[in-house]
Amino acid sequence: MPNIIRNLRSEIKKNKLKTSIFLGLSAYWGIILVSTLVTFN
Amino acid sequence: MEVFLPIAEVSVNILAIFILSGIVGVLSGLFGVGGGFLMTPFLIFLGVPPTYAVANEANNILATSVSGSTTHYLKDTLDYKMGLMIVIGGAIGTIIGIFTFTYFKDIGKIDIVISLAYMYILAIIGTAMLVEGLGEIDKVRKKIFTKKKLHVHYWIHGLPLRMRFKKSKLYESAFTPIIIGLIVGFIAAIMGIGGAFILVPAMIYIIGMPTRLIPGTSLFVTIFVSLIVTFLHAFNYGSIDLILVFLLVTGSIVGVQIGQKIGESVDSTNLKTLLAILLLVVGIAIAYDSFFAEKLVNEVVKIDKNDLNPLSMFIKNLSEDVPFLYGLFSIIFAFSLGIGAAFIRRFFSNLRKKYFKIK
């Protein structure tokens with residue numbers, strides 16, 4: 001388990017750009033999906 | 001400098017419309033996209049009601065696609081048979097789309113439906129383009145070259161009624177282009193876009209057409225789809241505003257020429273990522289506008305007909321008294337602007353060639 005976390009950390013550090021884009025897109029989709037649900041409820 | 005739009009009954013800034021349609025035109029010329037999915041939200045942000053923004057942008061697309069396809073007609077880079085099959089599907093899709101539009105308009109939900117449709121379409125295209133653009137940059141950096149398959153087979157290729165498309169050198173079911181046309185027509189009717197962003201990838205990856213025939217055939221289809229959308233909107237709702245259409249067409253035709261020139265000297269792969277970010281930003285702006293912004297109560301502008309200038313009065317009277325003729329007139333108007341722009345372009349192109357030859 002600690003190895004997986006260590007590998008994950010190093011992978012994230014290696015691909016900072018990709019990680020930040022992935023997080024940005026996740027947040028973006030989260031906002032529009034939640035807003036749609038809230039509006040229609 | 002404000003101008004009052006007699007049909008939409010709102011005042012808009014001429015310069016803002018001209019600059020925005022010019023910017024969208026530059027993006028169209030640079031990336032080969034229609035630009036309707038950016039211009040309609042911009043019109044909504046400028047205060048044009050969504051119902052009018054959709055209809056007038058469809059009329060603008062009609063003019064620009066006529067202008068573009070004239071060039072391809074002269075170059076003979078068009079597959080008419082394939083184009084007509086897509087148009088058959090497109091016509092059915094457009095009529096279904098207009099019925100859906102009418103349903104949501106009748107229950108008073110059309111504005112939110114248009115906003116939501118734009119928000120999700122922009123989010124999907126923006127995400128896909130961002131991922132693809134970053135992937136391409138990554139491949140170039142790491143010098144990875146992948147050999148793409150010539151043709152991938154989907155369930156859609158197994159449909160009956162197979163026929164030969166000589167120009168594209170294909171033997172395929174007629175249902176493939178008809179189904180694609182149906183989807184494009186439906187979306188075009190509701191959102192006021194040409195649908196090239198769906199049509200072009202579908203022509204490449206699903207139909208498997210040769211790349212040189214794609215832009216011309218796509219524009220050929222767009223003419224018919226936007227023609228039906230324009231006519232139905234003008235006839236059913238009288239929502240085409242010829243003053244707005246003129247401003248949009250002028251701005252986008254000038255912009256497209258600039259975009260094409262920039263495209264000749266710049267590699268658009270890196271810019272694709274920027275366009276993707278722009279689409280996502282516009283998507284989030286629509287989300288903010290739809291969900292969080294305080295809704296301003298739109299006061300209905302009641303202007304006496306006698307206060308309008310002669311041109312606005314003529315447009316308003318024509319739209320109210322003879323909607324059928326007005327629909328035809330808006331189509332002829334768009335065709336004239338499109339063909340006129342194509343000839344002006346050819347004139348300047350010949351002039352430049354002559355000038356450089358002399359030199």
# chains A, B, ... in the order shown; residues from 1 in each chain; ligands from 1
$ closest_atom_pairs --of "chain A" --to "chain B" --cutoff "7 Å" --atoms "only C-alpha atoms" --output "Markdown table"
| residue | atom | partner | partner_atom | distance |
| --- | --- | --- | --- | --- |
| A:Ile32 | CA | B:Ala287 | CA | 6.6 |
| A:Ser35 | CA | B:Phe291 | CA | 6.7 |
| A:Thr39 | CA | B:Phe291 | CA | 6.9 |
$ write_last_selection --atoms "C-alpha atoms" --output "PDB file, in the first residue's frame"
ATOM      1  CA  ILE A  32     -22.146  22.015 -14.311  1.00  0.00           C
ATOM      2  CA  SER A  35     -25.795  23.010 -10.894  1.00  0.00           C
ATOM      3  CA  THR A  39     -31.725  23.868 -10.732  1.00  0.00           C
TER       4      THR A  39
END
$ select_by_dssp --residues "stretch 22-271 of chain B" --states "alpha helix (DSSP H)" --output "ChimeraX atom specification"
/B:22-31,36-45,50-75,80-106,110-142,175-191,196-201,214-237,242-265,268-271
$ residues_around --residues "stretch 180-195 of chain B" --least-positions-apart "5" --cutoff "7 Å" --atoms "only C-alpha atoms" --output "VMD selection string"
chain B and resid 34 36 to 37 54 to 55 57 to 58 61 86 to 87 89 to 94 96 to 98 101 114 222 225 to 226 229
$ write_last_selection --atoms "C-alpha atoms" --output "compact mmCIF listing (two decimals), in the first residue's frame"
# COMPACT_ATOMS: atom_id res chain seq x y z
CA GLY B 34 -18.46 26.90 -38.46
CA GLY B 36 -22.13 28.96 -34.72
CA PHE B 37 -21.59 27.29 -31.34
CA VAL B 54 -30.59 30.83 -32.75
CA ALA B 55 -32.64 31.87 -35.81
CA GLU B 57 -27.17 32.74 -36.46
CA ALA B 58 -28.69 30.01 -38.69
CA ILE B 61 -24.38 30.31 -41.35
CA ILE B 86 -26.96 13.49 -45.58
CA VAL B 87 -29.38 16.27 -46.63
CA GLY B 89 -31.54 12.83 -43.05
CA GLY B 90 -30.84 16.48 -42.25
CA ALA B 91 -34.26 17.60 -43.55
CA ILE B 92 -36.07 15.00 -41.38
CA GLY B 93 -33.91 15.90 -38.36
CA THR B 94 -34.54 19.63 -38.85
CA ILE B 96 -38.22 17.00 -35.77
CA GLY B 97 -35.94 19.66 -34.23
CA ILE B 98 -38.38 22.49 -35.07
CA PHE B 101 -38.31 23.71 -30.39
CA ILE B 114 -30.98 26.37 -25.43
CA THR B 222 -24.84 22.99 -44.17
CA VAL B 225 -29.82 22.36 -43.24
CA SER B 226 -29.44 26.08 -42.41
CA VAL B 229 -33.86 26.08 -40.25
$ residues_around --residues "stretch 48-51 of chain B" --least-positions-apart "6" --cutoff "8 Å" --atoms "only C-alpha atoms" --output "ChimeraX atom specification"
/B:8,10,12,40,110-111,114-115,239
$ write_last_selection --atoms "all heavy atoms" --output "compact mmCIF listing (two decimals), in the first residue's frame"
# COMPACT_ATOMS: atom_id res chain seq x y z
N ALA B 8 -36.15 41.58 -33.19
CA ALA B 8 -35.78 41.10 -31.85
C ALA B 8 -36.20 42.10 -30.77
O ALA B 8 -36.25 41.75 -29.58
CB ALA B 8 -34.29 40.85 -31.79
N VAL B 10 -34.63 44.68 -29.50
CA VAL B 10 -33.59 45.06 -28.55
C VAL B 10 -32.59 45.98 -29.27
O VAL B 10 -32.48 45.93 -30.49
CB VAL B 10 -32.81 43.85 -27.97
CG1 VAL B 10 -33.61 43.09 -26.95
CG2 VAL B 10 -32.31 42.92 -29.07
N VAL B 12 -28.68 46.88 -29.87
CA VAL B 12 -27.35 46.26 -29.73
C VAL B 12 -26.29 47.21 -30.25
O VAL B 12 -26.58 48.11 -31.05
CB VAL B 12 -27.24 44.92 -30.50
CG1 VAL B 12 -28.03 43.81 -29.84
CG2 VAL B 12 -27.64 45.06 -31.96
N THR B 40 -23.68 32.14 -31.27
CA THR B 40 -25.01 32.20 -30.63
C THR B 40 -24.89 32.56 -29.14
O THR B 40 -25.60 33.46 -28.68
CB THR B 40 -25.77 30.88 -30.85
OG1 THR B 40 -25.71 30.55 -32.23
CG2 THR B 40 -27.22 30.98 -30.43
N ILE B 110 -37.95 27.21 -23.48
CA ILE B 110 -36.99 27.16 -24.59
C ILE B 110 -35.66 27.83 -24.24
O ILE B 110 -34.59 27.32 -24.61
CB ILE B 110 -37.62 27.73 -25.90
CG1 ILE B 110 -36.69 27.43 -27.10
CG2 ILE B 110 -37.94 29.20 -25.81
CD1 ILE B 110 -36.50 26.00 -27.44
N ASP B 111 -35.71 28.97 -23.49
CA ASP B 111 -34.46 29.68 -23.19
C ASP B 111 -33.50 28.82 -22.37
O ASP B 111 -32.31 28.76 -22.65
CB ASP B 111 -34.76 30.99 -22.46
CG ASP B 111 -35.38 32.01 -23.41
OD1 ASP B 111 -35.51 31.69 -24.61
OD2 ASP B 111 -35.75 33.11 -22.95
N ILE B 114 -32.07 25.92 -24.54
CA ILE B 114 -30.98 26.37 -25.43
C ILE B 114 -29.69 26.58 -24.62
O ILE B 114 -28.63 26.10 -25.00
CB ILE B 114 -31.38 27.67 -26.18
CG1 ILE B 114 -32.52 27.38 -27.17
CG2 ILE B 114 -30.20 28.27 -26.93
CD1 ILE B 114 -33.14 28.62 -27.81
N SER B 115 -29.81 27.25 -23.45
CA SER B 115 -28.63 27.51 -22.63
C SER B 115 -27.97 26.21 -22.19
O SER B 115 -26.76 26.04 -22.27
CB SER B 115 -29.00 28.33 -21.39
OG SER B 115 -29.53 29.55 -21.77
N SER B 239 -38.73 35.32 -36.59
CA SER B 239 -37.64 35.74 -35.70
C SER B 239 -36.36 36.14 -36.43
O SER B 239 -35.34 36.37 -35.80
CB SER B 239 -37.34 34.62 -34.70
OG SER B 239 -37.25 33.38 -35.35
$ atom_distance --atom1 "atom CA of B:Phe235" --atom2 "atom CA of B:Pro323"
5.2 Å
$ residues_around --residues "B:Met203" --least-positions-apart "6" --cutoff "9 Å" --atoms "only C-alpha atoms" --output "ChimeraX atom specification"
/B:177,180,209-211,214,218
$ write_last_selection --atoms "N, CA, C and O atoms" --output "compact mmCIF listing (two decimals), in the first residue's frame"
# COMPACT_ATOMS: atom_id res chain seq x y z
N PRO B 177 -25.14 7.82 -43.96
CA PRO B 177 -25.22 9.30 -44.05
C PRO B 177 -26.57 9.85 -43.61
O PRO B 177 -26.63 10.95 -43.06
N ILE B 180 -26.60 10.16 -39.79
CA ILE B 180 -25.72 11.27 -39.38
C ILE B 180 -26.41 12.61 -39.68
O ILE B 180 -26.42 13.51 -38.84
N MET B 209 -14.83 9.07 -45.62
CA MET B 209 -14.65 9.82 -46.88
C MET B 209 -13.22 10.34 -47.05
O MET B 209 -12.55 10.61 -46.05
N PRO B 210 -12.76 10.53 -48.30
CA PRO B 210 -11.43 11.13 -48.50
C PRO B 210 -11.41 12.57 -47.97
O PRO B 210 -12.36 13.31 -48.17
N THR B 211 -10.32 12.93 -47.32
CA THR B 211 -10.22 14.24 -46.64
C THR B 211 -10.48 15.41 -47.59
O THR B 211 -11.10 16.39 -47.20
N ILE B 214 -14.13 16.44 -47.88
CA ILE B 214 -14.91 16.72 -46.65
C ILE B 214 -15.36 18.18 -46.49
O ILE B 214 -16.56 18.42 -46.32
N SER B 218 -19.32 19.03 -46.56
CA SER B 218 -19.87 19.51 -45.29
C SER B 218 -20.58 20.85 -45.49
O SER B 218 -21.70 21.06 -44.99
$ closest_residue --among "B:Val322, B:Ile112, B:Leu74, B:Val3" --to "A:Phe40" --atoms "only C-alpha atoms"
B:Ile112
$ atom_distance --atom1 "atom CA of B:Ile332" --atom2 "atom CA of B:Ser312"
18.3 Å
$ atom_distance --atom1 "atom CA of B:Tyr73" --atom2 "atom CA of B:Phe220"
9.1 Å
$ residues_around --residues "B:Gln257" --least-positions-apart "6" --cutoff "8 Å" --atoms "only C-alpha atoms" --output "number ranges by chain"
B: 25-26, 29
$ residues_around --residues "B:Tyr52" --least-positions-apart "6" --cutoff "9 Å" --atoms "only C-alpha atoms" --output "PyMOL selection string"
chain B and resi 7-8+44+233+239-241
